[in-house]
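For reference, the structure discussed in these notes is given below.
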Amino acid sequence: MSRSCLPTLPRIFIPASDKRELNRLAQRAGNEKSPLAPFLRAELNRADVFPDKTLPRQTVVMNSTVTYRIDWEPALRGTMVFPHDCKATDNEISLLSPLGVALLGLRRGDCMPFFTAGNGFRLVTVLDVVPPQGNQPAVSLSNSVTEDTR
């Protein structure tokens with residue numbers, strides 16, 4: 001009897017209102033030969049798309065604030081933003097960063113592996129998610145991340 005040693009990835013959830021913009025970003029990243037394009041495309045391909053009002057609670061979506069832990073480091077907090085909205089502040093997580101792609105669509109309590117050139121494989125755990133201002137889809141989460149960090 002053989003058993004697989006591969007981890008099971010968590011289900012990810014995407015709001016229908018973000019799907020088109022996320023797919024455009026993945027296409028653009030591929031056209032620009034971003035090393036994150038395959039990771040983002042793979043995550044979007046395996047995502048479950050929900051109408052915004054029925055999105056599971058505590059889901060990391062664009063403009064939500066997420067509290068997370070990488071490996072065994074102290075907890076951090078940041079807001080998920082599209083790269084064109086990123087102002088490079090310490091409280092933003094660009095979607096087009098390894099951490100941003102890994103967090104997208106996760107829910108509170110989920111863990112997701114991701115890879116960074118400087119640190120190799122890492123594991124992010126979602127501790128809390130706060131929905132975007134003005135939205136009440138099910139979410140509750142919470143640092144600035146660039147493509148070469150985290």
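Letters for chains follow the order of the structure tokens (A, B, ...), residue numbers begin at 1 for each chain, and ligand numbers begin at 1 in the order shown.
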
If you run DSSP on this backbone, which residues of range 100-131 of chain A come out as helix (DSSP H, G or I), and could you give them as an MDAnalysis selection string?
-> chainID A and resid 100:103

Any chance you could export the current selection's C-alpha atoms as a short mmCIF file (atom, residue, chain, number, x, y, z; two decimals), in the first residue's frame?
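File selection_29.cif, as written:
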data_model
loop_
_atom_site.label_atom_id
_atom_site.label_comp_id
_atom_site.auth_asym_id
_atom_site.auth_seq_id
_atom_site.Cartn_x
_atom_site.Cartn_y
_atom_site.Cartn_z
CA GLY A 100 -0.45 37.72 -1.67
CA VAL A 101 -1.07 34.83 -4.05
CA ALA A 102 -0.85 32.34 -1.18
CA LEU A 103 -3.35 34.26 0.98
#

Selection: 10 Å around range 107-111 of chain A, only C-alpha atoms, excl. self and same-chain fewer than 4 positions, as a ChimeraX atom specification | /A:9-13,56-61,66-71,102-103,123-129,138-141

May I have the selected residues written with C-alpha atoms, as a PDB file, in the first residue's frame?
ATOM      1  CA  LEU A   9      -4.062  22.367  -0.342  1.00  0.00           C
ATOM      2  CA  PRO A  10      -6.911  24.245   1.322  1.00  0.00           C
ATOM      3  CA  ARG A  11     -10.005  25.172  -0.669  1.00  0.00           C
ATOM      4  CA  ILE A  12      -9.933  28.760  -1.834  1.00  0.00           C
ATOM      5  CA  PHE A  13     -12.870  31.060  -2.445  1.00  0.00           C
ATOM      6  CA  PRO A  56     -17.909  32.006   3.088  1.00  0.00           C
ATOM      7  CA  ARG A  57     -17.199  34.101   6.170  1.00  0.00           C
ATOM      8  CA  GLN A  58     -13.613  34.894   7.144  1.00  0.00           C
ATOM      9  CA  THR A  59     -12.345  34.681   3.533  1.00  0.00           C
ATOM     10  CA  VAL A  60      -9.293  36.672   2.382  1.00  0.00           C
ATOM     11  CA  VAL A  61     -10.457  38.838  -0.525  1.00  0.00           C
ATOM     12  CA  VAL A  66      -5.679  39.810   7.316  1.00  0.00           C
ATOM     13  CA  THR A  67      -3.766  38.777  10.404  1.00  0.00           C
ATOM     14  CA  TYR A  68      -1.395  35.969   9.512  1.00  0.00           C
ATOM     15  CA  ARG A  69       1.685  34.097  10.659  1.00  0.00           C
ATOM     16  CA  ILE A  70       4.539  32.927   8.440  1.00  0.00           C
ATOM     17  CA  ASP A  71       6.144  29.756   9.742  1.00  0.00           C
ATOM     18  CA  ALA A 102      -0.846  32.338  -1.177  1.00  0.00           C
ATOM     19  CA  LEU A 103      -3.348  34.258   0.976  1.00  0.00           C
ATOM     20  CA  LEU A 123       3.956  28.323   5.343  1.00  0.00           C
ATOM     21  CA  VAL A 124       1.391  31.045   5.977  1.00  0.00           C
ATOM     22  CA  THR A 125      -1.458  30.593   8.438  1.00  0.00           C
ATOM     23  CA  VAL A 126      -4.509  32.875   8.432  1.00  0.00           C
ATOM     24  CA  LEU A 127      -5.337  33.976  11.977  1.00  0.00           C
ATOM     25  CA  ASP A 128      -8.115  36.519  11.332  1.00  0.00           C
ATOM     26  CA  VAL A 129      -9.882  38.322   8.480  1.00  0.00           C
ATOM     27  CA  ALA A 138     -18.160  36.786   5.188  1.00  0.00           C
ATOM     28  CA  VAL A 139     -14.623  37.834   6.098  1.00  0.00           C
ATOM     29  CA  SER A 140     -12.304  38.640   9.031  1.00  0.00           C
ATOM     30  CA  LEU A 141      -8.405  39.043   8.454  1.00  0.00           C
TER      31      LEU A 141
END

Polymer residues at most 6 Å from Met80 in chain A, only C-alpha atoms, same-chain spacing of 5 or more positions, as a PDB file with N, CA and C atoms, in the first residue's frame:
ATOM      1  N   MET A  62      -9.784  40.715  -1.881  1.00  0.00           N
ATOM      2  CA  MET A  62      -9.119  41.984  -2.132  1.00  0.00           C
ATOM      3  C   MET A  62      -9.674  43.062  -1.204  1.00  0.00           C
ATOM      4  N   ASN A  63      -8.768  43.860  -0.653  1.00  0.00           N
ATOM      5  CA  ASN A  63      -9.059  44.958   0.262  1.00  0.00           C
ATOM      6  C   ASN A  63      -9.511  44.505   1.643  1.00  0.00           C
ATOM      7  N   SER A  64      -9.454  43.214   1.920  1.00  0.00           N
ATOM      8  CA  SER A  64      -9.712  42.773   3.294  1.00  0.00           C
ATOM      9  C   SER A  64      -8.397  42.879   4.063  1.00  0.00           C
ATOM     10  N   ILE A  93      -0.374  44.189   1.357  1.00  0.00           N
ATOM     11  CA  ILE A  93       0.114  42.941   0.767  1.00  0.00           C
ATOM     12  C   ILE A  93      -0.306  42.965  -0.694  1.00  0.00           C
TER      13      ILE A  93
END

One decimal, Å: what's the distance from CA of Asp52 in chain A over to CA of Pro15 in chain A, could you say?
->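 Atom-to-atom, CA of Asp52 in chain A to CA of Pro15 in chain A, that is 5.0 Å.
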
Any idea what the distance is between CA of Pro38 in chain A and CA of Ala75 in chain A?
-> 27.6 Å

Just asking: which residues within chain A are strand (DSSP E or B) according to DSSP, as a ChimeraX atom specification?
-> /A:13-15,48-50,59,65-70,76-81,92-94,107,111-116,120-130,141,145

Selection to disk with N, CA and C atoms, as a short mmCIF file (atom, residue, chain, number, x, y, z; two decimals), in the first residue's frame:
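Result file is result.cif:
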data_model
loop_
_atom_site.label_atom_id
_atom_site.label_comp_id
_atom_site.auth_asym_id
_atom_site.auth_seq_id
_atom_site.Cartn_x
_atom_site.Cartn_y
_atom_site.Cartn_z
N PHE A 13 -11.60 30.47 -2.06
CA PHE A 13 -12.87 31.06 -2.45
C PHE A 13 -12.63 32.46 -3.00
N ILE A 14 -13.22 32.73 -4.16
CA ILE A 14 -13.06 34.01 -4.83
C ILE A 14 -14.45 34.62 -5.04
N PRO A 15 -14.62 35.91 -4.73
CA PRO A 15 -15.91 36.54 -5.03
C PRO A 15 -16.06 36.75 -6.54
N ASP A 48 -12.93 28.21 -5.97
CA ASP A 48 -14.39 28.16 -6.05
C ASP A 48 -14.86 29.60 -6.11
N VAL A 49 -15.67 29.93 -7.13
CA VAL A 49 -16.18 31.29 -7.29
C VAL A 49 -17.59 31.35 -6.72
N PHE A 50 -17.82 32.32 -5.85
CA PHE A 50 -19.10 32.49 -5.19
C PHE A 50 -19.66 33.88 -5.46
N THR A 59 -13.10 34.97 4.75
CA THR A 59 -12.34 34.68 3.53
C THR A 59 -11.47 35.87 3.16
N THR A 65 -8.50 42.94 5.37
CA THR A 65 -7.32 43.02 6.22
C THR A 65 -7.15 41.68 6.90
N VAL A 66 -5.94 41.15 6.82
CA VAL A 66 -5.68 39.81 7.32
C VAL A 66 -4.58 39.82 8.38
N THR A 67 -4.81 39.05 9.42
CA THR A 67 -3.77 38.78 10.40
C THR A 67 -3.28 37.38 10.08
N TYR A 68 -1.96 37.24 9.96
CA TYR A 68 -1.40 35.97 9.51
C TYR A 68 -0.06 35.71 10.20
N ARG A 69 0.38 34.47 10.12
CA ARG A 69 1.68 34.10 10.66
C ARG A 69 2.42 33.34 9.56
N ILE A 70 3.69 33.67 9.38
CA ILE A 70 4.54 32.93 8.44
C ILE A 70 5.45 32.03 9.26
N LEU A 76 1.52 38.99 11.85
CA LEU A 76 1.58 40.24 11.10
C LEU A 76 0.18 40.56 10.61
N ARG A 77 -0.01 41.80 10.17
CA ARG A 77 -1.32 42.23 9.69
C ARG A 77 -1.12 43.10 8.46
N GLY A 78 -1.98 42.91 7.46
CA GLY A 78 -1.90 43.73 6.25
C GLY A 78 -3.18 43.66 5.46
N THR A 79 -3.31 44.57 4.52
CA THR A 79 -4.48 44.64 3.66
C THR A 79 -4.11 44.16 2.27
N MET A 80 -4.92 43.25 1.72
CA MET A 80 -4.70 42.72 0.37
C MET A 80 -5.05 43.79 -0.65
N VAL A 81 -4.10 44.10 -1.56
CA VAL A 81 -4.35 45.12 -2.58
C VAL A 81 -3.87 44.63 -3.94
N GLU A 92 0.39 46.84 3.62
CA GLU A 92 -0.22 46.35 2.38
C GLU A 92 0.45 45.05 1.94
N ILE A 93 -0.37 44.19 1.36
CA ILE A 93 0.11 42.94 0.77
C ILE A 93 -0.31 42.97 -0.69
N SER A 94 0.64 43.12 -1.59
CA SER A 94 0.32 43.12 -3.01
C SER A 94 -0.11 41.72 -3.43
N ARG A 107 -9.32 31.02 4.22
CA ARG A 107 -10.19 31.39 5.32
C ARG A 107 -9.43 31.28 6.63
N CYS A 111 -3.91 27.04 6.23
CA CYS A 111 -2.46 27.15 6.05
C CYS A 111 -2.16 26.88 4.58
N MET A 112 -1.19 27.61 4.03
CA MET A 112 -0.85 27.47 2.62
C MET A 112 0.65 27.62 2.43
N PRO A 113 1.29 26.66 1.74
CA PRO A 113 2.72 26.82 1.44
C PRO A 113 2.91 27.80 0.29
N PHE A 114 4.05 28.49 0.31
CA PHE A 114 4.41 29.36 -0.81
C PHE A 114 5.93 29.43 -0.87
N PHE A 115 6.47 29.91 -1.98
CA PHE A 115 7.91 29.93 -2.20
C PHE A 115 8.39 31.35 -2.43
N THR A 116 9.52 31.68 -1.81
CA THR A 116 10.18 32.96 -2.09
C THR A 116 11.62 32.67 -2.48
N GLY A 120 13.09 30.42 0.34
CA GLY A 120 12.62 29.07 0.02
C GLY A 120 11.15 28.89 0.36
N PHE A 121 10.79 27.67 0.72
CA PHE A 121 9.39 27.39 1.03
C PHE A 121 9.03 27.90 2.42
N ARG A 122 7.85 28.50 2.50
CA ARG A 122 7.32 29.06 3.75
C ARG A 122 5.89 28.54 3.90
N LEU A 123 5.34 28.71 5.08
CA LEU A 123 3.96 28.32 5.34
C LEU A 123 3.26 29.49 6.01
N VAL A 124 2.17 29.95 5.40
CA VAL A 124 1.39 31.04 5.98
C VAL A 124 0.11 30.47 6.58
N THR A 125 -0.23 30.99 7.75
CA THR A 125 -1.46 30.59 8.44
C THR A 125 -2.31 31.83 8.64
N VAL A 126 -3.58 31.76 8.25
CA VAL A 126 -4.51 32.88 8.43
C VAL A 126 -5.06 32.82 9.85
N LEU A 127 -4.87 33.91 10.59
CA LEU A 127 -5.34 33.98 11.98
C LEU A 127 -6.66 34.72 12.11
N ASP A 128 -6.87 35.74 11.26
CA ASP A 128 -8.12 36.52 11.33
C ASP A 128 -8.31 37.27 10.02
N VAL A 129 -9.55 37.58 9.70
CA VAL A 129 -9.88 38.32 8.48
C VAL A 129 -10.94 39.37 8.79
N VAL A 130 -10.68 40.62 8.35
CA VAL A 130 -11.66 41.70 8.49
C VAL A 130 -12.07 42.10 7.08
N LEU A 141 -9.85 39.24 8.63
CA LEU A 141 -8.41 39.04 8.45
C LEU A 141 -7.52 40.18 8.93
N VAL A 145 4.17 43.77 1.40
CA VAL A 145 4.96 42.66 0.87
C VAL A 145 5.29 42.95 -0.58
#

Mind checking which residues fall within 12 Å of Leu25 in chain A, counting only C-alpha atoms, ignoring those fewer than 2 positions away in the same chain, and posting them as an MDAnalysis selection string?
-> chainID A and resid 18:23 27:32 34 36:38 40:41 44 82:84 94:96 101

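Of the residues listed (A:Ala16, A:Ala26, A:Thr89, A:Phe39), A:Ala16 shows the shortest atom-to-atom separation from Leu55 in chain A; distances use only C-alpha atoms.
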
CA of Arg24 in chain A sits from CA of Lys53 in chain A at a separation of 22.7 Å
